[in-house]
Amino acid sequence: MTANISLISGESSPYNVFYQVIVVQVLVPVFLCINLFLIRTFSKEEFFYTTMRYILFAVTLVSDSLFLVMTDALLILTYFSVTIQMWLCLIMCIFLSLYTFATPVTLTAMTLERYVAICRPLHHAELCSTRKAVHCILIIHCISSVPFIIILSIFIASVAHSFHTENNKCNMDIFVVHRWQSHLRTAISQFYFLIMCIAIVCSYIKIMKVAKCASGENKKSSWKGLRTVALHAFQLLLCLIQLWCPFIEAVVIQINLVIYIKVRFFNYITFILAPRCLSPLIYGLRDDRFFSALKHYVLCGLYKTWSKEQKNKL
């Protein structure tokens with residue numbers, strides 16, 4: 001259901017472990033800084049926080065930032081073999097699980113927004129208003145919390161009350177008391193991503209049909225929306241592959257422990273960090289309006305062309 005954060009193994013080479021931790025400590029702050037710049041840009045212009053697609057974009061930025069902070073915190077706790085009380089670990093894992101699902105669910109919502117904008121333009125203003133965006137955010141978080149509510153309920157019923165006051169290393173594996181719980185967790189995740197994949201594929205096909213029939217500015221807008229949906233699909237695919245990583249790692253660990261450590265580190269970078277870093281590329285850098293505003297604020301107002309030319313376009 002969520003990323004396997006336990007990248008560090010006591011039997012692995014200390015040098016390799018230190019190298020992996022340092023790489024993550026370099027990447028995570030860079031991604032967080034980028035996200036913070038994008039969030040600041042979003043909050044400075046009324047057009048952005050009154051437009052549904054930018055509001056959903058901001059939701060992904062916040063979700064991804066919190067996810068990166070939580071995974072990095074668990075990684076550091078594991079590396080230094082820090083034990084904490086299980087009730088605190090439960091709280092951390094709740095947020096981690098929530099934002100593991102929040103990003104792909106929000107991506108699906110953004111895809112549906114593009115579908116409405118391109119294929120149902122007459123209904124776009126009604127269905128994608130600011131008020132509906134707030135409702136959409138609430139629905140996204142409700143849907144994202146359902147899997148963990150199920151897993152947490154089963155877990156609480158399976159352990160003694162004294163477990164919550166015990167000190168132990170914190171990771172998502174603590175919720176697997178019985179083997180069938182792991183299968184249930186995987187089945188729920190696969191069901192969610194199957195539904196999301198169907199929604200994105202159907203939207204892609206519909207937008208492609210409209211793009212082929214459109215002309216002029218409408219054609220250009222349709223093809224741009226098509227590329228955006230394709231990037232969403234690629235980002236969601238990386239999130240989906242993340243669910244298969246434990247199965248691959250279970251096979252590799254039977255072959256060679258050193259290879260197993262390297263494979264887990266590769267999976268963490270490629271299928272956990274990378275999908276969370278594509279949102280700035282898809283909307284923050286590819287979107288002309290947002291990119292122009294971003295340059296203006298990053299350069300502390302030195303990007304003069306934004307102040308008049310781009311604001312008039314908005």
# chains A, B, ... in the order shown; residues from 1 in each chain; ligands from 1
$ closest_atom_pairs --of "segment 182-202 of chain A" --to "segment 147-154 of chain A" --cutoff "9 Å" --atoms "only C-alpha atoms" --output "tab-separated table"
residue	atom	partner	partner_atom	distance
A:Leu184	CA	A:Ile151	CA	8.3
A:Arg185	CA	A:Ile151	CA	7.0
A:Ile188	CA	A:Pro147	CA	6.6
A:Ser189	CA	A:Pro147	CA	7.7
$ residues_around --residues "segment 205-209 of chain A" --least-positions-apart "4" --cutoff "10 Å" --atoms "only C-alpha atoms" --output "MDAnalysis selection string"
chainID A and resid 114:119 200:201 213:214 222:223 225:227 229
$ write_last_selection --atoms "N, CA and C atoms" --output "PDB file, in the first residue's frame"
ATOM      1  N   ARG A 114      -9.191  18.053 -17.002  1.00  0.00           N
ATOM      2  CA  ARG A 114      -8.762  18.307 -18.379  1.00  0.00           C
ATOM      3  C   ARG A 114      -9.757  17.715 -19.371  1.00  0.00           C
ATOM      4  N   TYR A 115     -10.311  16.564 -19.022  1.00  0.00           N
ATOM      5  CA  TYR A 115     -11.317  15.941 -19.891  1.00  0.00           C
ATOM      6  C   TYR A 115     -12.545  16.843 -20.013  1.00  0.00           C
ATOM      7  N   VAL A 116     -13.020  17.387 -18.885  1.00  0.00           N
ATOM      8  CA  VAL A 116     -14.185  18.271 -18.903  1.00  0.00           C
ATOM      9  C   VAL A 116     -13.868  19.546 -19.681  1.00  0.00           C
ATOM     10  N   ALA A 117     -12.667  20.101 -19.467  1.00  0.00           N
ATOM     11  CA  ALA A 117     -12.287  21.356 -20.130  1.00  0.00           C
ATOM     12  C   ALA A 117     -12.232  21.201 -21.646  1.00  0.00           C
ATOM     13  N   ILE A 118     -11.801  20.053 -22.133  1.00  0.00           N
ATOM     14  CA  ILE A 118     -11.598  19.854 -23.569  1.00  0.00           C
ATOM     15  C   ILE A 118     -12.811  19.206 -24.235  1.00  0.00           C
ATOM     16  N   CYS A 119     -13.393  18.234 -23.577  1.00  0.00           N
ATOM     17  CA  CYS A 119     -14.494  17.476 -24.188  1.00  0.00           C
ATOM     18  C   CYS A 119     -15.875  17.999 -23.797  1.00  0.00           C
ATOM     19  N   ILE A 200      -7.980   7.364 -16.429  1.00  0.00           N
ATOM     20  CA  ILE A 200      -7.001   8.107 -17.224  1.00  0.00           C
ATOM     21  C   ILE A 200      -6.989   7.637 -18.672  1.00  0.00           C
ATOM     22  N   VAL A 201      -7.070   6.339 -18.896  1.00  0.00           N
ATOM     23  CA  VAL A 201      -7.073   5.802 -20.263  1.00  0.00           C
ATOM     24  C   VAL A 201      -8.315   6.265 -21.018  1.00  0.00           C
ATOM     25  N   CYS A 213     -10.359  16.094 -34.193  1.00  0.00           N
ATOM     26  CA  CYS A 213     -11.445  16.804 -34.873  1.00  0.00           C
ATOM     27  C   CYS A 213     -11.350  18.319 -34.721  1.00  0.00           C
ATOM     28  N   ALA A 214     -10.555  18.790 -33.788  1.00  0.00           N
ATOM     29  CA  ALA A 214     -10.469  20.231 -33.513  1.00  0.00           C
ATOM     30  C   ALA A 214      -9.633  20.939 -34.576  1.00  0.00           C
ATOM     31  N   SER A 222      -6.148  21.158 -27.305  1.00  0.00           N
ATOM     32  CA  SER A 222      -6.495  19.747 -27.124  1.00  0.00           C
ATOM     33  C   SER A 222      -5.258  18.872 -27.095  1.00  0.00           C
ATOM     34  N   TRP A 223      -4.310  19.122 -27.995  1.00  0.00           N
ATOM     35  CA  TRP A 223      -3.095  18.313 -28.020  1.00  0.00           C
ATOM     36  C   TRP A 223      -2.229  18.568 -26.797  1.00  0.00           C
ATOM     37  N   GLY A 225      -3.464  19.366 -23.852  1.00  0.00           N
ATOM     38  CA  GLY A 225      -4.152  18.614 -22.810  1.00  0.00           C
ATOM     39  C   GLY A 225      -3.885  17.128 -22.922  1.00  0.00           C
ATOM     40  N   LEU A 226      -3.762  16.641 -24.155  1.00  0.00           N
ATOM     41  CA  LEU A 226      -3.460  15.230 -24.375  1.00  0.00           C
ATOM     42  C   LEU A 226      -2.083  14.876 -23.838  1.00  0.00           C
ATOM     43  N   ARG A 227      -1.098  15.738 -24.074  1.00  0.00           N
ATOM     44  CA  ARG A 227       0.253  15.490 -23.555  1.00  0.00           C
ATOM     45  C   ARG A 227       0.267  15.527 -22.023  1.00  0.00           C
ATOM     46  N   VAL A 229      -2.237  14.712 -20.022  1.00  0.00           N
ATOM     47  CA  VAL A 229      -2.835  13.462 -19.552  1.00  0.00           C
ATOM     48  C   VAL A 229      -1.839  12.307 -19.696  1.00  0.00           C
TER      49      VAL A 229
END
$ atom_distance --atom1 "atom CA of Cys142 of chain A" --atom2 "atom CA of Val105 of chain A"
10.4 Å
$ closest_residue --among "A:Val69, A:Leu61, A:Ala102, A:Cys197" --to "Val24 of chain A" --atoms "only C-alpha atoms"
A:Val69
$ residues_around --residues "segment 135-139 of chain A" --least-positions-apart "2" --cutoff "9 Å" --atoms "only C-alpha atoms" --output "MDAnalysis selection string"
chainID A and resid 55:56 59 106 109 130:133 141:144
$ select_by_dssp --residues "segment 22-233 of chain A" --states "strand (DSSP E or B)" --output "list in words"
Ile84, Gln85, Asn167 and Asn168 of chain A
$ closest_residue --among "A:Leu285, A:Val252, A:Leu74, A:Leu98" --to "Ile140 of chain A" --atoms "only C-alpha atoms"
A:Leu98
$ closest_residue --among "A:Leu194, A:Thr111, A:Gln85, A:Val177" --to "Leu231 of chain A" --atoms "only C-alpha atoms"
A:Thr111
$ atom_distance --atom1 "atom CA of Cys202 of chain A" --atom2 "atom CA of Met110 of chain A"
13.6 Å
$ closest_residue --among "A:Arg120, A:Pro280, A:Gln254, A:Phe191" --to "Val210 of chain A" --atoms "only C-alpha atoms"
A:Arg120
$ closest_residue --among "A:Phe80, A:Leu237, A:Thr228, A:Phe265" --to "Glu249 of chain A" --atoms "only C-alpha atoms"
A:Phe265
$ atom_distance --atom1 "atom CA of Thr270 of chain A" --atom2 "atom CA of Val176 of chain A"
24.8 Å
$ residues_around --residues "Phe193 of chain A" --least-positions-apart "6" --cutoff "10 Å" --atoms "only C-alpha atoms" --output "list in words"
Phe101, Pro104, Val105, Thr108, Ala199, Leu236, Leu237, Cys239, Leu240 and Leu243 of chain A
$ write_last_selection --atoms "all heavy atoms" --output "mmCIF file, in the first residue's frame"
data_model
loop_
_atom_site.group_PDB
_atom_site.id
_atom_site.type_symbol
_atom_site.label_atom_id
_atom_site.label_comp_id
_atom_site.auth_asym_id
_atom_site.auth_seq_id
_atom_site.Cartn_x
_atom_site.Cartn_y
_atom_site.Cartn_z
ATOM 1 N N PHE A 101 -1.658 7.791 -1.181
ATOM 2 C CA PHE A 101 -2.807 7.683 -2.081
ATOM 3 C C PHE A 101 -3.277 9.038 -2.584
ATOM 4 O O PHE A 101 -3.868 9.123 -3.666
ATOM 5 C CB PHE A 101 -3.957 6.972 -1.373
ATOM 6 C CG PHE A 101 -3.846 5.480 -1.378
ATOM 7 C CD1 PHE A 101 -3.285 4.814 -0.304
ATOM 8 C CD2 PHE A 101 -4.281 4.745 -2.464
ATOM 9 C CE1 PHE A 101 -3.178 3.438 -0.305
ATOM 10 C CE2 PHE A 101 -4.171 3.365 -2.492
ATOM 11 C CZ PHE A 101 -3.623 2.701 -1.409
ATOM 12 N N PRO A 104 -1.806 10.081 -6.349
ATOM 13 C CA PRO A 104 -2.429 9.478 -7.534
ATOM 14 C C PRO A 104 -3.915 9.785 -7.674
ATOM 15 O O PRO A 104 -4.411 9.943 -8.797
ATOM 16 C CB PRO A 104 -2.189 7.964 -7.339
ATOM 17 C CG PRO A 104 -1.863 7.788 -5.910
ATOM 18 C CD PRO A 104 -1.207 9.053 -5.479
ATOM 19 N N VAL A 105 -4.647 9.888 -6.547
ATOM 20 C CA VAL A 105 -6.069 10.228 -6.633
ATOM 21 C C VAL A 105 -6.235 11.652 -7.168
ATOM 22 O O VAL A 105 -7.124 11.925 -7.989
ATOM 23 C CB VAL A 105 -6.746 10.076 -5.253
ATOM 24 C CG1 VAL A 105 -8.187 10.597 -5.305
ATOM 25 C CG2 VAL A 105 -6.756 8.614 -4.815
ATOM 26 N N THR A 108 -5.689 11.734 -10.865
ATOM 27 C CA THR A 108 -6.882 11.291 -11.576
ATOM 28 C C THR A 108 -7.900 12.420 -11.666
ATOM 29 O O THR A 108 -8.520 12.625 -12.723
ATOM 30 C CB THR A 108 -7.507 10.080 -10.860
ATOM 31 O OG1 THR A 108 -6.515 9.052 -10.702
ATOM 32 C CG2 THR A 108 -8.676 9.521 -11.654
ATOM 33 N N ALA A 199 -9.781 5.365 -15.552
ATOM 34 C CA ALA A 199 -10.233 6.749 -15.711
ATOM 35 C C ALA A 199 -9.286 7.541 -16.603
ATOM 36 O O ALA A 199 -9.726 8.308 -17.479
ATOM 37 C CB ALA A 199 -10.350 7.419 -14.341
ATOM 38 N N LEU A 236 1.455 8.119 -12.870
ATOM 39 C CA LEU A 236 0.663 7.118 -12.172
ATOM 40 C C LEU A 236 1.253 5.725 -12.349
ATOM 41 O O LEU A 236 1.201 4.895 -11.445
ATOM 42 C CB LEU A 236 -0.778 7.144 -12.686
ATOM 43 C CG LEU A 236 -1.804 6.309 -11.920
ATOM 44 C CD1 LEU A 236 -1.910 6.788 -10.479
ATOM 45 C CD2 LEU A 236 -3.158 6.371 -12.594
ATOM 46 N N LEU A 237 1.840 5.466 -13.525
ATOM 47 C CA LEU A 237 2.473 4.170 -13.769
ATOM 48 C C LEU A 237 3.637 3.939 -12.812
ATOM 49 O O LEU A 237 3.817 2.838 -12.285
ATOM 50 C CB LEU A 237 2.968 4.088 -15.217
ATOM 51 C CG LEU A 237 3.731 2.813 -15.598
ATOM 52 C CD1 LEU A 237 2.824 1.591 -15.454
ATOM 53 C CD2 LEU A 237 4.269 2.919 -17.027
ATOM 54 N N CYS A 239 3.891 5.209 -9.843
ATOM 55 C CA CYS A 239 3.286 4.924 -8.541
ATOM 56 C C CYS A 239 2.782 3.486 -8.474
ATOM 57 O O CYS A 239 2.856 2.833 -7.432
ATOM 58 C CB CYS A 239 2.131 5.888 -8.269
ATOM 59 S SG CYS A 239 2.612 7.616 -8.062
ATOM 60 N N LEU A 240 2.273 2.966 -9.608
ATOM 61 C CA LEU A 240 1.764 1.599 -9.650
ATOM 62 C C LEU A 240 2.895 0.592 -9.541
ATOM 63 O O LEU A 240 2.783 -0.417 -8.839
ATOM 64 C CB LEU A 240 0.986 1.386 -10.944
ATOM 65 C CG LEU A 240 0.384 -0.006 -11.179
ATOM 66 C CD1 LEU A 240 -0.587 -0.346 -10.057
ATOM 67 C CD2 LEU A 240 -0.317 -0.077 -12.524
ATOM 68 N N LEU A 243 4.067 -0.546 -6.166
ATOM 69 C CA LEU A 243 3.371 -1.630 -5.472
ATOM 70 C C LEU A 243 3.962 -2.996 -5.783
ATOM 71 O O LEU A 243 3.799 -3.944 -5.019
ATOM 72 C CB LEU A 243 1.886 -1.623 -5.854
ATOM 73 C CG LEU A 243 1.105 -0.366 -5.487
ATOM 74 C CD1 LEU A 243 -0.319 -0.465 -5.982
ATOM 75 C CD2 LEU A 243 1.129 -0.144 -3.987
#
